[in-house]
$ cat run05.txt   # compact mmCIF, C-alpha atoms
# COMPACT_ATOMS: atom_id res chain seq x y z
CA MET A 1 0.00 0.00 0.00
CA ILE A 2 2.88 2.35 0.90
CA LYS A 3 4.54 1.51 -2.43
CA ASN A 4 1.28 2.29 -4.21
CA PHE A 5 1.05 5.61 -2.37
CA ASN A 6 4.64 6.50 -3.34
CA ASN A 7 3.92 5.63 -6.98
CA GLN A 8 0.84 7.82 -6.90
CA LYS A 9 2.83 10.67 -5.39
CA GLN A 10 5.54 10.30 -8.04
CA ILE A 11 2.97 10.35 -10.85
CA MET A 12 1.40 13.47 -9.34
CA ASN A 13 4.78 15.17 -9.07
CA ILE A 14 5.47 14.42 -12.74
CA ALA A 15 1.99 15.68 -13.68
CA GLU A 16 2.53 18.91 -11.74
CA VAL A 17 5.90 19.57 -13.42
CA LEU A 18 4.37 18.78 -16.81
CA LEU A 19 1.50 21.12 -16.05
CA LEU A 20 3.75 24.01 -15.08
CA ALA A 21 6.05 23.58 -18.09
CA GLY A 22 3.09 23.00 -20.42
CA MET A 23 1.22 26.07 -19.17
CA LEU A 24 4.26 28.32 -19.69
CA PHE A 25 4.80 26.85 -23.15
CA VAL A 26 1.15 27.34 -24.14
CA LEU A 27 1.22 30.95 -22.92
CA TYR A 28 4.32 31.47 -25.05
CA LEU A 29 2.51 29.95 -28.07
CA ILE A 30 -0.59 32.08 -27.54
CA PHE A 31 1.00 35.44 -26.85
CA LEU A 32 4.22 35.29 -28.87
CA TRP A 33 4.11 32.55 -31.48
CA VAL A 34 0.68 32.15 -33.05
CA PRO A 35 -0.32 34.92 -35.49
CA GLU A 36 -3.33 37.16 -34.86
CA ASP A 37 -6.58 36.34 -36.62
CA LYS A 38 -7.01 38.63 -39.65
CA ARG A 39 -10.72 39.24 -39.08
CA LEU A 40 -11.03 39.31 -35.27
CA GLY A 41 -7.58 40.65 -34.35
CA ILE A 42 -5.81 40.02 -31.05
CA VAL A 43 -9.02 39.31 -29.17
CA GLN A 44 -9.29 35.99 -31.02
CA LYS A 45 -6.53 34.71 -28.69
CA ILE A 46 -9.20 34.37 -25.99
CA PHE A 47 -10.36 31.37 -27.99
CA TYR A 48 -7.48 29.04 -26.96
CA PHE A 49 -8.30 29.03 -23.24
CA HIS A 50 -12.04 29.52 -23.81
CA LEU A 51 -12.30 26.35 -25.89
CA ALA A 52 -9.89 24.48 -23.58
CA SER A 53 -12.13 25.39 -20.62
CA ALA A 54 -15.18 24.08 -22.49
CA TRP A 55 -13.31 20.86 -23.36
CA THR A 56 -12.32 20.37 -19.69
CA ALA A 57 -15.91 20.95 -18.53
CA PHE A 58 -17.25 18.42 -21.07
CA LEU A 59 -14.57 15.91 -20.06
CA ALA A 60 -15.45 16.37 -16.38
CA PHE A 61 -19.16 15.84 -17.00
CA PHE A 62 -18.43 12.82 -19.21
CA ILE A 63 -16.49 11.31 -16.30
CA VAL A 64 -19.45 12.05 -13.99
CA PHE A 65 -21.66 10.23 -16.49
CA VAL A 66 -19.39 7.16 -16.75
CA LEU A 67 -18.75 6.99 -13.00
CA GLY A 68 -22.49 7.32 -12.38
CA ILE A 69 -23.08 4.17 -14.42
CA ILE A 70 -20.21 2.36 -12.68
CA TYR A 71 -21.53 3.39 -9.26
CA LEU A 72 -25.02 2.08 -10.02
CA ILE A 73 -23.44 -1.27 -10.96
CA ASN A 74 -20.96 -1.78 -8.11
CA ARG A 75 -22.18 0.67 -5.40
CA ASN A 76 -18.64 1.67 -4.44
CA ILE A 77 -18.79 4.97 -2.54
CA GLN A 78 -15.27 5.91 -3.71
CA ILE A 79 -16.54 5.98 -7.29
CA ASP A 80 -19.27 8.38 -6.23
CA LEU A 81 -16.76 10.64 -4.48
CA LEU A 82 -14.62 10.69 -7.63
CA ALA A 83 -17.73 11.62 -9.65
CA SER A 84 -18.57 14.47 -7.28
CA ALA A 85 -14.97 15.77 -7.48
CA SER A 86 -15.24 15.67 -11.27
CA ALA A 87 -18.61 17.49 -11.24
CA GLU A 88 -17.12 20.20 -9.06
CA ILE A 89 -14.32 20.79 -11.56
CA GLY A 90 -16.86 20.68 -14.38
CA ILE A 91 -18.77 23.53 -12.72
CA LEU A 92 -15.54 25.51 -12.27
CA PHE A 93 -14.71 25.25 -15.97
CA THR A 94 -18.29 25.87 -17.13
CA THR A 95 -18.21 29.07 -15.05
CA LEU A 96 -14.96 29.99 -16.82
CA VAL A 97 -16.50 29.24 -20.23
CA LEU A 98 -19.42 31.53 -19.45
CA ILE A 99 -17.22 34.36 -18.14
CA THR A 100 -14.60 34.17 -20.89
CA GLY A 101 -17.36 33.80 -23.49
CA SER A 102 -19.02 36.90 -22.13
CA LEU A 103 -15.75 38.86 -22.35
CA TRP A 104 -15.22 37.65 -25.90
CA GLY A 105 -18.85 38.46 -26.78
CA ARG A 106 -18.44 41.99 -25.47
CA SER A 107 -15.36 42.58 -27.60
CA SER A 108 -16.62 40.85 -30.77
CA TRP A 109 -20.40 41.25 -30.75
CA ASN A 110 -20.57 44.32 -28.49
CA VAL A 111 -22.84 42.56 -25.97
CA TRP A 112 -22.05 40.84 -22.67
CA TRP A 113 -24.78 38.26 -23.15
CA THR A 114 -27.18 37.15 -25.85
CA TRP A 115 -29.72 34.30 -25.82
CA GLU A 116 -27.91 32.52 -28.62
CA PRO A 117 -28.24 28.65 -28.70
CA ARG A 118 -24.76 27.81 -27.44
CA LEU A 119 -24.76 30.37 -24.65
CA THR A 120 -28.22 29.36 -23.53
CA THR A 121 -27.49 25.62 -23.52
CA THR A 122 -24.19 26.23 -21.68
CA LEU A 123 -26.00 28.24 -19.02
CA ILE A 124 -28.51 25.39 -18.67
CA LEU A 125 -25.58 22.97 -18.29
CA TRP A 126 -24.20 25.14 -15.46
CA PHE A 127 -27.57 25.13 -13.68
CA ILE A 128 -27.90 21.35 -14.10
CA TYR A 129 -24.64 20.69 -12.26
CA ILE A 130 -25.30 23.34 -9.60
CA ALA A 131 -28.51 21.39 -8.95
CA TYR A 132 -26.40 18.18 -8.78
CA PHE A 133 -24.70 19.55 -5.67
CA LEU A 134 -27.91 20.96 -4.20
CA ILE A 135 -29.42 17.48 -4.47
CA ARG A 136 -26.34 15.83 -2.96
CA ASP A 137 -26.19 18.20 -0.04
CA SER A 138 -29.90 17.97 0.68
CA ILE A 139 -29.78 14.20 1.30
CA GLU A 140 -28.21 13.16 4.59
CA GLU A 141 -27.81 9.44 3.97
CA PRO A 142 -24.55 9.06 1.94
CA GLU A 143 -25.64 6.00 -0.04
CA LYS A 144 -28.97 7.52 -1.02
CA ALA A 145 -27.24 10.77 -1.99
CA ALA A 146 -24.74 8.82 -4.09
CA ARG A 147 -27.47 6.81 -5.83
CA ILE A 148 -29.66 9.80 -6.66
CA SER A 149 -26.76 12.02 -7.76
CA SER A 150 -25.42 9.21 -9.98
CA VAL A 151 -28.77 8.96 -11.77
CA TYR A 152 -28.92 12.75 -11.99
CA GLY A 153 -25.34 12.92 -13.34
CA ILE A 154 -26.23 10.41 -16.07
CA ILE A 155 -29.38 12.30 -17.09
CA GLY A 156 -27.68 15.72 -16.79
CA PHE A 157 -25.00 14.67 -19.28
CA ILE A 158 -27.63 14.75 -22.05
CA ASP A 159 -27.10 18.53 -22.22
CA VAL A 160 -23.40 18.16 -23.15
CA PRO A 161 -23.99 16.86 -26.72
CA ILE A 162 -26.80 19.42 -27.03
CA VAL A 163 -24.33 22.23 -26.19
CA PHE A 164 -21.87 20.84 -28.74
CA MET A 165 -24.45 20.39 -31.50
CA SER A 166 -26.50 23.54 -30.74
CA ILE A 167 -24.69 25.74 -33.28
CA ARG A 168 -25.19 23.10 -35.97
CA TRP A 169 -28.82 22.31 -35.16
CA TRP A 170 -30.03 25.89 -34.71
CA ARG A 171 -27.60 27.48 -37.21
CA SER A 172 -26.16 30.11 -34.92
CA ARG A 173 -24.86 33.20 -36.70
CA LEU A 174 -22.58 34.24 -33.85
CA HIS A 175 -20.72 31.05 -32.93
CA PRO A 176 -18.66 29.67 -35.83
CA VAL A 177 -18.29 25.90 -36.34
CA VAL A 178 -14.58 25.25 -35.73
CA PHE A 179 -14.50 21.50 -36.37
CA GLY A 180 -16.33 19.22 -38.78
CA GLU A 181 -19.10 20.06 -41.20
CA GLY A 182 -20.40 23.62 -41.51
CA GLN A 183 -17.05 25.44 -41.18
CA GLY A 184 -17.49 27.29 -44.48
CA ARG A 185 -21.08 28.33 -43.85
CA SER A 186 -20.28 29.72 -40.38
CA ARG A 187 -16.89 31.23 -41.36
CA GLY A 188 -15.16 28.87 -38.93
CA GLY A 189 -12.07 26.65 -39.30
CA MET A 190 -8.50 27.68 -38.54
CA ASP A 191 -4.89 27.83 -39.73
CA GLN A 192 -2.39 25.12 -38.88
CA ASP A 193 -0.51 27.33 -36.36
CA MET A 194 -3.75 28.06 -34.57
CA LEU A 195 -4.66 24.39 -34.55
CA ILE A 196 -1.29 23.44 -33.01
CA THR A 197 -1.71 26.08 -30.28
CA LEU A 198 -5.23 24.90 -29.61
CA LEU A 199 -4.15 21.26 -29.34
CA PHE A 200 -1.42 22.18 -26.85
CA SER A 201 -3.98 24.18 -24.83
CA LEU A 202 -6.32 21.19 -24.75
CA ALA A 203 -3.49 18.89 -23.60
CA VAL A 204 -2.42 21.27 -20.82
CA PHE A 205 -6.00 21.75 -19.62
CA THR A 206 -6.46 17.97 -19.56
CA ILE A 207 -3.41 17.66 -17.28
CA LEU A 208 -4.76 20.53 -15.17
CA PHE A 209 -8.06 18.69 -14.87
CA LEU A 210 -6.32 15.48 -13.75
CA VAL A 211 -4.24 17.32 -11.13
CA LEU A 212 -7.30 19.14 -9.73
CA LEU A 213 -9.33 15.92 -9.81
CA HIS A 214 -6.66 14.10 -7.84
CA LEU A 215 -6.42 16.85 -5.20
CA SER A 216 -10.17 17.16 -4.78
CA TYR A 217 -10.76 13.40 -4.74
CA LYS A 218 -8.03 12.80 -2.15
CA GLN A 219 -9.61 15.43 0.09
CA LYS A 220 -13.11 13.96 -0.32
CA ILE A 221 -11.90 10.42 0.43
CA GLN A 222 -10.14 11.56 3.61
CA ALA A 223 -13.20 13.51 4.75
CA ALA A 224 -15.45 10.49 4.14
CA GLU A 225 -13.09 8.18 6.06
CA ILE A 226 -12.84 10.54 9.03
CA ASN A 227 -16.63 10.96 9.14
CA SER A 228 -17.20 7.21 9.00
CA ILE A 229 -14.69 6.54 11.85
CA LYS A 230 -16.27 9.34 13.87
CA GLN A 231 -19.72 7.83 13.49
CA ASP A 232 -18.43 4.39 14.53
CA ILE A 233 -16.86 5.86 17.66
CA ARG A 234 -20.01 7.87 18.49
CA HIS A 235 -21.99 4.62 18.43
CA GLN A 236 -19.55 3.05 20.86
CA LEU A 237 -19.36 6.03 23.23
CA MET B 238 -6.42 44.04 -25.43
CA ILE B 239 -8.11 44.56 -22.04
CA TYR B 240 -10.59 41.76 -22.79
CA LEU B 241 -7.78 39.38 -23.68
CA PHE B 242 -5.87 39.98 -20.46
CA SER B 243 -9.06 39.98 -18.38
CA THR B 244 -9.88 36.55 -19.79
CA TYR B 245 -6.54 35.02 -18.88
CA SER B 246 -6.54 36.72 -15.46
CA VAL B 247 -10.03 35.42 -14.67
CA ILE B 248 -9.05 31.87 -15.62
CA PHE B 249 -5.96 31.83 -13.42
CA LEU B 250 -7.83 33.60 -10.60
CA PHE B 251 -10.60 31.01 -10.54
CA ILE B 252 -8.16 28.09 -10.63
CA PHE B 253 -6.27 29.71 -7.76
CA LEU B 254 -9.52 30.20 -5.79
CA TYR B 255 -10.44 26.56 -6.33
CA LEU B 256 -7.04 25.47 -5.01
CA LEU B 257 -7.61 27.73 -1.99
CA LEU B 258 -10.98 26.08 -1.43
CA ILE B 259 -9.41 22.60 -1.47
CA ASN B 260 -6.75 23.84 0.94
CA LYS B 261 -9.39 25.25 3.28
CA ARG B 262 -11.19 21.91 3.28
CA TYR B 263 -7.93 20.13 4.13
CA ARG B 264 -7.48 22.44 7.13
CA LYS B 265 -11.02 21.79 8.29
CA GLN B 266 -10.30 18.09 7.94
CA GLN B 267 -7.20 18.47 10.06
CA LYS B 268 -9.40 19.85 12.85
CA ASN B 269 -11.79 16.93 12.39
CA PHE B 270 -8.85 14.60 12.65
CA GLU B 271 -7.79 16.19 15.94
CA SER B 272 -11.27 15.76 17.38
CA LEU B 273 -11.22 12.17 16.16
CA LYS B 274 -8.01 11.55 18.08
CA GLU B 275 -9.64 12.97 21.21
CA MET B 276 -12.61 10.66 20.78
CA ILE B 277 -10.33 7.64 20.37
CA THR B 278 -8.45 8.57 23.56
CA GLU B 279 -11.76 8.90 25.41
CA LEU B 280 -12.86 5.52 24.11
CA LYS B 281 -9.59 3.94 25.22
CA ASN B 282 -9.95 5.43 28.70
CA ARG B 283 -13.45 4.02 29.03
CA ASN B 284 -12.31 0.56 28.06
$ encode --input "run05.txt" --output "structure tokens"
Amino acid sequence: MIKNFNNQKQIMNIAEVLLLAGMLFVLYLIFLWVPEDKRLGIVQKIFYFHLASAWTAFLAFFIVFVLGIIYLINRNIQIDLLASASAEIGILFTTLVLITGSLWGRSSWNVWWTWEPRLTTTLILWFIYIAYFLIRDSIEEPEKAARISSVYGIIGFIDVPIVFMSIRWWRSRLHPVVFGEGQGRSRGGMDQDMLITLLFSLAVFTILFLVLLHLSYKQKIQAAEINSIKQDIRHQL
Amino acid sequence: MIYLFSTYSVIFLFIFLYLLLINKRYRKQQKNFESLKEMITELKNRN
């Protein structure tokens, strides 16, 4: 067990070093290396972290979805704690997507907010996962809370593909399609340099997500263990 | 330019705040752990 703990610590140390180096490198790429967009100008550089935040939020909610299914099969409370840590990080990055999107909207569209399909569905996504924690915290029995929040996490994930597809389904004029079909129609797509920078941003944000997930999960596990020992002792006292 | 720097500042600020939150929870846990130790000592004394 001690060996396992040391291995875990080593992996985390490597991840943290990678994260720091990767973040500095990505900032170099964004601010010094990648050229400005001809149409949008320097403000387009918001895009690299804005999209990376959205990717991290989607990844976090996907993990909540998968872990929800696993929890309902094996009823392991650790799985549920990992799912709740992931949901928490998902909310953090959805908040960042909404804020950075609003800043970008103000500079490009001259409005802080508009009820455009992608913005609206992202806001709904944020509310769904805020409700996830309200539900969790309102149920005292840990197993019942885990069961209900797992089901809710699975159902809540339905909004993620809707957010992704919203600009294709409802033909948004404001949000361009960056990947896949519809790039030409929406004036989306990007140069190779931009794509490289974006891919590095996505990789660094994925590492950031894993580091935050590990920290949050470790804390939740310890809290759960302490609470369970405390309850046992209270019964004996 | 101000929007660009605001964006990056907000992102790093929120990540920093989240790390602070995790740290605060760890500290709270440390207090819980101390009270747990007291309870164990009390239990030992009773037995």
$ interface_residues --input "run05.txt" --of "chain A" --to "chain B" --cutoff "7 Å" --atoms "all atoms listed in the file" --output "PDB file with C-alpha atoms, keeping the file's coordinate frame"
ATOM      1  CA  ILE A  42      -5.810  40.020 -31.050  1.00  0.00           C
ATOM      2  CA  VAL A  43      -9.020  39.310 -29.170  1.00  0.00           C
ATOM      3  CA  LYS A  45      -6.530  34.710 -28.690  1.00  0.00           C
ATOM      4  CA  ILE A  46      -9.200  34.370 -25.990  1.00  0.00           C
ATOM      5  CA  LEU A  96     -14.960  29.990 -16.820  1.00  0.00           C
ATOM      6  CA  THR A 100     -14.600  34.170 -20.890  1.00  0.00           C
ATOM      7  CA  LEU A 103     -15.750  38.860 -22.350  1.00  0.00           C
ATOM      8  CA  TRP A 104     -15.220  37.650 -25.900  1.00  0.00           C
ATOM      9  CA  SER A 107     -15.360  42.580 -27.600  1.00  0.00           C
ATOM     10  CA  SER A 216     -10.170  17.160  -4.780  1.00  0.00           C
ATOM     11  CA  GLN A 219      -9.610  15.430   0.090  1.00  0.00           C
ATOM     12  CA  ALA A 223     -13.200  13.510   4.750  1.00  0.00           C
ATOM     13  CA  ILE A 226     -12.840  10.540   9.030  1.00  0.00           C
ATOM     14  CA  LYS A 230     -16.270   9.340  13.870  1.00  0.00           C
ATOM     15  CA  LEU A 237     -19.360   6.030  23.230  1.00  0.00           C
TER      16      LEU A 237
END
$ residues_around --input "run05.txt" --residues "Tyr71 in chain A" --least-positions-apart "2" --cutoff "12 Å" --atoms "only C-alpha atoms" --output "PDB file with C-alpha atoms, in the coordinates of the input"
ATOM      1  CA  ILE A  63     -16.490  11.310 -16.300  1.00  0.00           C
ATOM      2  CA  VAL A  64     -19.450  12.050 -13.990  1.00  0.00           C
ATOM      3  CA  PHE A  65     -21.660  10.230 -16.490  1.00  0.00           C
ATOM      4  CA  VAL A  66     -19.390   7.160 -16.750  1.00  0.00           C
ATOM      5  CA  LEU A  67     -18.750   6.990 -13.000  1.00  0.00           C
ATOM      6  CA  GLY A  68     -22.490   7.320 -12.380  1.00  0.00           C
ATOM      7  CA  ILE A  69     -23.080   4.170 -14.420  1.00  0.00           C
ATOM      8  CA  ILE A  73     -23.440  -1.270 -10.960  1.00  0.00           C
ATOM      9  CA  ASN A  74     -20.960  -1.780  -8.110  1.00  0.00           C
ATOM     10  CA  ARG A  75     -22.180   0.670  -5.400  1.00  0.00           C
ATOM     11  CA  ASN A  76     -18.640   1.670  -4.440  1.00  0.00           C
ATOM     12  CA  ILE A  77     -18.790   4.970  -2.540  1.00  0.00           C
ATOM     13  CA  GLN A  78     -15.270   5.910  -3.710  1.00  0.00           C
ATOM     14  CA  ILE A  79     -16.540   5.980  -7.290  1.00  0.00           C
ATOM     15  CA  ASP A  80     -19.270   8.380  -6.230  1.00  0.00           C
ATOM     16  CA  LEU A  81     -16.760  10.640  -4.480  1.00  0.00           C
ATOM     17  CA  LEU A  82     -14.620  10.690  -7.630  1.00  0.00           C
ATOM     18  CA  ALA A  83     -17.730  11.620  -9.650  1.00  0.00           C
ATOM     19  CA  SER A  84     -18.570  14.470  -7.280  1.00  0.00           C
ATOM     20  CA  GLU A 143     -25.640   6.000  -0.040  1.00  0.00           C
ATOM     21  CA  LYS A 144     -28.970   7.520  -1.020  1.00  0.00           C
ATOM     22  CA  ALA A 145     -27.240  10.770  -1.990  1.00  0.00           C
ATOM     23  CA  ALA A 146     -24.740   8.820  -4.090  1.00  0.00           C
ATOM     24  CA  ARG A 147     -27.470   6.810  -5.830  1.00  0.00           C
ATOM     25  CA  ILE A 148     -29.660   9.800  -6.660  1.00  0.00           C
ATOM     26  CA  SER A 149     -26.760  12.020  -7.760  1.00  0.00           C
ATOM     27  CA  SER A 150     -25.420   9.210  -9.980  1.00  0.00           C
ATOM     28  CA  VAL A 151     -28.770   8.960 -11.770  1.00  0.00           C
ATOM     29  CA  GLY A 153     -25.340  12.920 -13.340  1.00  0.00           C
ATOM     30  CA  ILE A 154     -26.230  10.410 -16.070  1.00  0.00           C
TER      31      ILE A 154
END
$ atom_distance --input "run05.txt" --atom1 "CA of Val26 in chain A" --atom2 "CA of Thr197 in chain A"
6.9 Å
$ atom_distance --input "run05.txt" --atom1 "CA of Arg171 in chain A" --atom2 "CA of Trp126 in chain A"
22.1 Å
$ atom_distance --input "run05.txt" --atom1 "CA of Phe25 in chain A" --atom2 "CA of Lys218 in chain A"
28.3 Å
$ build_atoms --input "run05.txt" --residues "range 16-27 of chain A" --atoms "all heavy atoms" --output "short mmCIF file (atom, residue, chain, number, x, y, z; two decimals), in the frame of the given file"
data_model
loop_
_atom_site.label_atom_id
_atom_site.label_comp_id
_atom_site.auth_asym_id
_atom_site.auth_seq_id
_atom_site.Cartn_x
_atom_site.Cartn_y
_atom_site.Cartn_z
N GLU A 16 2.44 17.49 -12.13
CA GLU A 16 2.53 18.91 -11.74
C GLU A 16 3.64 19.64 -12.50
O GLU A 16 3.46 20.77 -12.94
CB GLU A 16 2.72 19.04 -10.23
CG GLU A 16 1.40 18.84 -9.49
CD GLU A 16 1.57 18.56 -8.02
OE1 GLU A 16 2.69 18.74 -7.48
OE2 GLU A 16 0.59 18.14 -7.39
N VAL A 17 4.79 18.96 -12.66
CA VAL A 17 5.90 19.57 -13.42
C VAL A 17 5.49 19.76 -14.87
O VAL A 17 5.72 20.82 -15.47
CB VAL A 17 7.18 18.69 -13.30
CG1 VAL A 17 8.26 19.19 -14.26
CG2 VAL A 17 7.71 18.69 -11.88
N LEU A 18 4.86 18.71 -15.42
CA LEU A 18 4.37 18.78 -16.81
C LEU A 18 3.38 19.92 -16.99
O LEU A 18 3.42 20.65 -17.99
CB LEU A 18 3.66 17.47 -17.17
CG LEU A 18 4.42 16.44 -17.98
CD1 LEU A 18 3.57 15.20 -18.18
CD2 LEU A 18 4.83 17.00 -19.34
N LEU A 19 2.51 20.08 -16.00
CA LEU A 19 1.50 21.12 -16.05
C LEU A 19 2.13 22.51 -16.06
O LEU A 19 1.77 23.36 -16.88
CB LEU A 19 0.55 20.98 -14.85
CG LEU A 19 -0.50 22.08 -14.67
CD1 LEU A 19 -1.46 22.10 -15.85
CD2 LEU A 19 -1.28 21.86 -13.38
N LEU A 20 3.09 22.70 -15.17
CA LEU A 20 3.75 24.01 -15.08
C LEU A 20 4.48 24.34 -16.38
O LEU A 20 4.31 25.43 -16.96
CB LEU A 20 4.71 24.03 -13.88
CG LEU A 20 5.31 25.37 -13.56
CD1 LEU A 20 4.23 26.30 -13.00
CD2 LEU A 20 6.43 25.23 -12.53
N ALA A 21 5.29 23.35 -16.86
CA ALA A 21 6.05 23.58 -18.09
C ALA A 21 5.10 23.78 -19.27
O ALA A 21 5.29 24.67 -20.11
CB ALA A 21 6.97 22.39 -18.34
N GLY A 22 4.06 22.93 -19.32
CA GLY A 22 3.09 23.00 -20.42
C GLY A 22 2.35 24.32 -20.44
O GLY A 22 2.16 24.92 -21.50
N MET A 23 1.97 24.81 -19.25
CA MET A 23 1.22 26.07 -19.17
C MET A 23 2.09 27.23 -19.67
O MET A 23 1.62 28.08 -20.43
CB MET A 23 0.78 26.29 -17.71
CG MET A 23 -0.22 27.39 -17.52
SD MET A 23 -1.76 27.12 -18.41
CE MET A 23 -2.71 26.18 -17.24
N LEU A 24 3.36 27.25 -19.24
CA LEU A 24 4.26 28.32 -19.69
C LEU A 24 4.45 28.27 -21.21
O LEU A 24 4.43 29.29 -21.89
CB LEU A 24 5.61 28.21 -18.98
CG LEU A 24 5.59 28.55 -17.48
CD1 LEU A 24 6.94 28.23 -16.83
CD2 LEU A 24 5.23 30.01 -17.26
N PHE A 25 4.60 27.02 -21.72
CA PHE A 25 4.80 26.85 -23.15
C PHE A 25 3.57 27.31 -23.94
O PHE A 25 3.69 28.00 -24.96
CB PHE A 25 5.13 25.38 -23.45
CG PHE A 25 5.44 25.12 -24.90
CD1 PHE A 25 6.52 25.75 -25.52
CD2 PHE A 25 4.64 24.27 -25.66
CE1 PHE A 25 6.80 25.52 -26.87
CE2 PHE A 25 4.91 24.04 -27.00
CZ PHE A 25 5.99 24.66 -27.60
N VAL A 26 2.39 26.95 -23.44
CA VAL A 26 1.15 27.34 -24.14
C VAL A 26 0.99 28.86 -24.13
O VAL A 26 0.59 29.46 -25.13
CB VAL A 26 -0.07 26.63 -23.50
CG1 VAL A 26 -1.37 27.31 -23.88
CG2 VAL A 26 -0.13 25.19 -23.96
N LEU A 27 1.32 29.49 -22.99
CA LEU A 27 1.22 30.95 -22.92
C LEU A 27 2.18 31.60 -23.92
O LEU A 27 1.85 32.61 -24.55
CB LEU A 27 1.50 31.44 -21.49
CG LEU A 27 0.37 31.15 -20.48
CD1 LEU A 27 0.80 31.53 -19.09
CD2 LEU A 27 -0.92 31.87 -20.85
#
